[in-house]
file query32.json (JSON, C-alpha atoms)
[["chain", "number", "residue", "atom", "x", "y", "z"],
["A", 1, "MET", "CA", -14.94, 17.82, -36.81],
["A", 2, "MET", "CA", -16.11, 21.16, -35.44],
["A", 3, "LYS", "CA", -19.86, 21.81, -35.74],
["A", 4, "TYR", "CA", -20.23, 24.89, -37.93],
["A", 5, "TYR", "CA", -24.01, 25.17, -37.90],
["A", 6, "ILE", "CA", -27.10, 25.37, -35.70],
["A", 7, "ASN", "CA", -29.97, 23.08, -36.66],
["A", 8, "LYS", "CA", -33.44, 21.96, -35.72],
["A", 9, "THR", "CA", -35.99, 19.59, -37.22],
["A", 10, "VAL", "CA", -39.40, 21.27, -37.28],
["A", 11, "ASN", "CA", -43.03, 20.17, -37.63],
["A", 12, "TYR", "CA", -43.89, 22.40, -40.58],
["A", 13, "THR", "CA", -44.30, 21.80, -44.26],
["A", 14, "PHE", "CA", -41.32, 22.85, -46.37],
["A", 15, "GLU", "CA", -43.03, 26.10, -47.40],
["A", 16, "GLU", "CA", -44.19, 26.83, -43.85],
["A", 17, "ALA", "CA", -40.64, 26.35, -42.56],
["A", 18, "ILE", "CA", -39.32, 28.91, -45.05],
["A", 19, "GLU", "CA", -42.08, 31.38, -44.15],
["A", 20, "ARG", "CA", -41.63, 30.85, -40.40],
["A", 21, "VAL", "CA", -37.83, 31.18, -40.35],
["A", 22, "THR", "CA", -38.01, 34.24, -42.63],
["A", 23, "ALA", "CA", -40.52, 35.91, -40.28],
["A", 24, "LEU", "CA", -38.47, 35.07, -37.18],
["A", 25, "LEU", "CA", -35.29, 36.37, -38.80],
["A", 26, "LYS", "CA", -37.12, 39.61, -39.60],
["A", 27, "GLU", "CA", -38.13, 39.95, -35.93],
["A", 28, "HIS", "CA", -34.42, 39.87, -35.12],
["A", 29, "GLY", "CA", -33.41, 42.49, -37.69],
["A", 30, "PHE", "CA", -32.43, 40.14, -40.53],
["A", 31, "GLY", "CA", -33.62, 40.42, -44.08],
["A", 32, "VAL", "CA", -33.42, 37.63, -46.61],
["A", 33, "LEU", "CA", -31.37, 39.02, -49.49],
["A", 34, "THR", "CA", -31.28, 35.90, -51.63],
["A", 35, "THR", "CA", -33.28, 32.71, -51.99],
["A", 36, "ILE", "CA", -31.75, 29.82, -53.89],
["A", 37, "ASP", "CA", -33.85, 26.79, -54.76],
["A", 38, "VAL", "CA", -31.06, 24.21, -54.96],
["A", 39, "LYS", "CA", -33.34, 21.41, -56.22],
["A", 40, "GLU", "CA", -34.56, 23.54, -59.14],
["A", 41, "THR", "CA", -31.10, 24.91, -59.92],
["A", 42, "LEU", "CA", -29.47, 21.47, -60.03],
["A", 43, "LYS", "CA", -32.27, 20.17, -62.25],
["A", 44, "LYS", "CA", -31.82, 23.06, -64.68],
["A", 45, "LYS", "CA", -28.03, 23.11, -64.70],
["A", 46, "ILE", "CA", -27.05, 19.45, -64.62],
["A", 47, "ASP", "CA", -30.37, 17.59, -64.94],
["A", 48, "VAL", "CA", -30.19, 15.76, -61.61],
["A", 49, "ASP", "CA", -32.93, 15.18, -59.08],
["A", 50, "PHE", "CA", -32.15, 16.42, -55.60],
["A", 51, "LYS", "CA", -34.18, 16.73, -52.42],
["A", 52, "ARG", "CA", -35.99, 19.99, -51.62],
["A", 53, "TYR", "CA", -33.26, 22.32, -50.40],
["A", 54, "THR", "CA", -33.47, 26.11, -50.17],
["A", 55, "ILE", "CA", -30.70, 28.50, -49.16],
["A", 56, "LEU", "CA", -31.76, 31.82, -47.62],
["A", 57, "GLY", "CA", -29.07, 34.51, -47.59],
["A", 58, "ALA", "CA", -29.86, 36.35, -44.35],
["A", 59, "CYS", "CA", -28.31, 39.66, -43.34],
["A", 60, "ASN", "CA", -28.60, 41.91, -40.33],
["A", 61, "PRO", "CA", -27.49, 45.28, -41.76],
["A", 62, "GLN", "CA", -26.28, 46.67, -38.42],
["A", 63, "SER", "CA", -24.11, 43.64, -37.69],
["A", 64, "ALA", "CA", -22.86, 43.48, -41.28],
["A", 65, "TYR", "CA", -21.89, 47.16, -41.22],
["A", 66, "LYS", "CA", -19.99, 46.79, -37.94],
["A", 67, "ALA", "CA", -18.20, 43.66, -39.14],
["A", 68, "LEU", "CA", -17.31, 45.06, -42.58],
["A", 69, "SER", "CA", -16.03, 48.25, -40.95],
["A", 70, "LEU", "CA", -13.59, 46.13, -38.95],
["A", 71, "GLU", "CA", -12.61, 43.76, -41.76],
["A", 72, "ASP", "CA", -13.57, 44.74, -45.30],
["A", 73, "LYS", "CA", -12.76, 41.28, -46.75],
["A", 74, "LEU", "CA", -15.40, 39.73, -44.49],
["A", 75, "GLY", "CA", -17.89, 40.00, -47.33],
["A", 76, "VAL", "CA", -16.62, 36.64, -48.57],
["A", 77, "LEU", "CA", -18.44, 35.14, -45.57],
["A", 78, "LEU", "CA", -21.66, 37.11, -45.95],
["A", 79, "PRO", "CA", -24.60, 36.86, -45.98],
["A", 80, "CYS", "CA", -25.22, 34.33, -43.23],
["A", 81, "ASN", "CA", -26.84, 31.35, -44.88],
["A", 82, "VAL", "CA", -29.89, 29.64, -43.45],
["A", 83, "ILE", "CA", -31.01, 26.45, -45.16],
["A", 84, "VAL", "CA", -34.25, 24.51, -45.22],
["A", 85, "ILE", "CA", -33.87, 20.85, -46.20],
["A", 86, "GLU", "CA", -36.45, 18.14, -46.72],
["A", 87, "GLN", "CA", -34.95, 15.15, -44.89],
["A", 88, "ASP", "CA", -36.43, 11.68, -44.43],
["A", 89, "SER", "CA", -36.87, 12.56, -40.75],
["A", 90, "GLY", "CA", -38.72, 15.82, -41.49],
["A", 91, "ILE", "CA", -37.94, 19.41, -42.37],
["A", 92, "GLU", "CA", -34.59, 20.55, -41.07],
["A", 93, "VAL", "CA", -33.60, 24.19, -40.69],
["A", 94, "CYS", "CA", -29.90, 25.02, -40.32],
["A", 95, "ALA", "CA", -27.91, 28.23, -39.99],
["A", 96, "ILE", "CA", -24.23, 28.98, -40.02],
["A", 97, "ASP", "CA", -22.77, 29.32, -36.54],
["A", 98, "PRO", "CA", -21.26, 32.82, -36.87],
["A", 99, "TYR", "CA", -19.00, 32.25, -33.89],
["A", 100, "SER", "CA", -17.32, 29.23, -35.48],
["A", 101, "MET", "CA", -16.96, 31.21, -38.70],
["A", 102, "MET", "CA", -15.53, 34.44, -37.25],
["A", 103, "GLY", "CA", -13.75, 32.88, -34.28],
["A", 104, "GLN", "CA", -11.11, 31.65, -36.71],
["A", 105, "LEU", "CA", -10.10, 35.22, -37.54],
["A", 106, "GLY", "CA", -8.78, 36.04, -34.07],
["A", 107, "ASN", "CA", -10.30, 39.54, -33.99],
["A", 108, "LYS", "CA", -11.96, 40.10, -30.59],
["A", 109, "GLU", "CA", -14.31, 42.78, -31.92],
["A", 110, "LEU", "CA", -15.50, 40.47, -34.71],
["A", 111, "ILE", "CA", -16.00, 37.69, -32.17],
["A", 112, "GLN", "CA", -18.29, 40.00, -30.17],
["A", 113, "ILE", "CA", -20.37, 40.70, -33.28],
["A", 114, "ALA", "CA", -20.47, 36.97, -34.05],
["A", 115, "GLU", "CA", -21.69, 36.28, -30.52],
["A", 116, "GLU", "CA", -24.50, 38.84, -30.98],
["A", 117, "VAL", "CA", -25.56, 37.28, -34.28],
["A", 118, "ASN", "CA", -25.32, 33.80, -32.76],
["A", 119, "LYS", "CA", -27.59, 34.92, -29.90],
["A", 120, "HIS", "CA", -30.18, 36.09, -32.45],
["A", 121, "PHE", "CA", -29.97, 32.78, -34.33],
["A", 122, "GLN", "CA", -30.35, 30.81, -31.08],
["A", 123, "GLU", "CA", -33.50, 32.81, -30.27],
["A", 124, "VAL", "CA", -34.88, 32.21, -33.77],
["A", 125, "PHE", "CA", -34.28, 28.47, -33.45],
["A", 126, "GLU", "CA", -35.91, 28.36, -29.99],
["A", 127, "LYS", "CA", -39.08, 29.85, -31.53],
["A", 128, "LEU", "CA", -39.13, 27.57, -34.58]]
call {"tool": "encode", "arguments": {"input": "query32.json", "output": "structure tokens"}}
result
Amino acid sequence: MMKYYINKTVNYTFEEAIERVTALLKEHGFGVLTTIDVKETLKKKIDVDFKRYTILGACNPQSAYKALSLEDKLGVLLPCNVIVIEQDSGIEVCAIDPYSMMGQLGNKELIQIAEEVNKHFQEVFEKL
């Protein structure tokens, strides 16, 4: 199976990991548009207990604008999700690999944008 994400286990608390990845994303021109507390949502909606799991909907407006200008249906793949998960082994941070996502579309211009976004994500993960 193709790996569709970038990940790293970090030595932060759950809250610190969210704060740190949000700050690093901001340094690279990304804003967090949405925050979904999956644990809380699943408890409310279907009364199940789940591990701490937060989805951050990250967006770089410049990259999004360029990509949507090339392919207006691309919004179904946006924003780029970054997740923070409390695992037994520690706190794991994961992000979608934009190249694996957009590479499937066969549009060379979109692939270039995906490579730019991927480069930003790689730099964020190096600093985590």
call {"tool": "residues_around", "arguments": {"input": "query32.json", "residues": "A:Phe121", "least_positions_apart": "5", "cutoff": "10 Å", "atoms": "all atoms listed in the file", "output": "list in words"}}
result
Ile6, Asn7, Leu24, Leu25, His28, Phe30, Val82, Cys94, Ala95, Ile96, Asp97, Pro98, Glu115, Glu116, Glu126 and Lys127 of chain A
call {"tool": "atom_distance", "arguments": {"input": "query32.json", "atom1": "atom CA of A:Asn81", "atom2": "atom CA of A:Ala58"}}
result
5.9 Å
call {"tool": "closest_residue", "arguments": {"input": "query32.json", "among": "A:Lys108, A:Lys39, A:Lys45, A:Lys51", "to": "A:Leu70", "atoms": "only C-alpha atoms"}}
result
A:Lys108
call {"tool": "atom_distance", "arguments": {"input": "query32.json", "atom1": "atom CA of A:Asn107", "atom2": "atom CA of A:Leu74"}}
result
11.7 Å
call {"tool": "closest_residue", "arguments": {"input": "query32.json", "among": "A:Lys26, A:Lys66, A:Lys8, A:Lys73", "to": "A:Ile113", "atoms": "all atoms listed in the file"}}
result
A:Lys66
call {"tool": "atom_distance", "arguments": {"input": "query32.json", "atom1": "atom CA of A:Phe14", "atom2": "atom CA of A:Ile91"}}
result
6.3 Å
call {"tool": "residues_around", "arguments": {"input": "query32.json", "residues": "A:Asn60", "least_positions_apart": "4", "cutoff": "8 Å", "atoms": "only C-alpha atoms", "output": "PDB file with C-alpha atoms, in the coordinates of the input"}}
result
ATOM      1  CA  GLY A  29     -33.410  42.490 -37.690  1.00  0.00           C
ATOM      2  CA  PHE A  30     -32.430  40.140 -40.530  1.00  0.00           C
ATOM      3  CA  GLY A  31     -33.620  40.420 -44.080  1.00  0.00           C
ATOM      4  CA  ALA A  64     -22.860  43.480 -41.280  1.00  0.00           C
TER       5      ALA A  64
END
call {"tool": "closest_residue", "arguments": {"input": "query32.json", "among": "A:Ile55, A:Leu110, A:Met101, A:Leu68", "to": "A:Thr35", "atoms": "only C-alpha atoms"}}
result
A:Ile55
call {"tool": "residues_around", "arguments": {"input": "query32.json", "residues": "A:Gly90", "least_positions_apart": "5", "cutoff": "12 Å", "atoms": "all atoms listed in the file", "output": "PyMOL selection string"}}
result
chain A and resi 8-14+17+51-52+84-85
call {"tool": "closest_residue", "arguments": {"input": "query32.json", "among": "A:Tyr99, A:Val32, A:Lys44, A:Val93", "to": "A:Gly57", "atoms": "only C-alpha atoms"}}
result
A:Val32
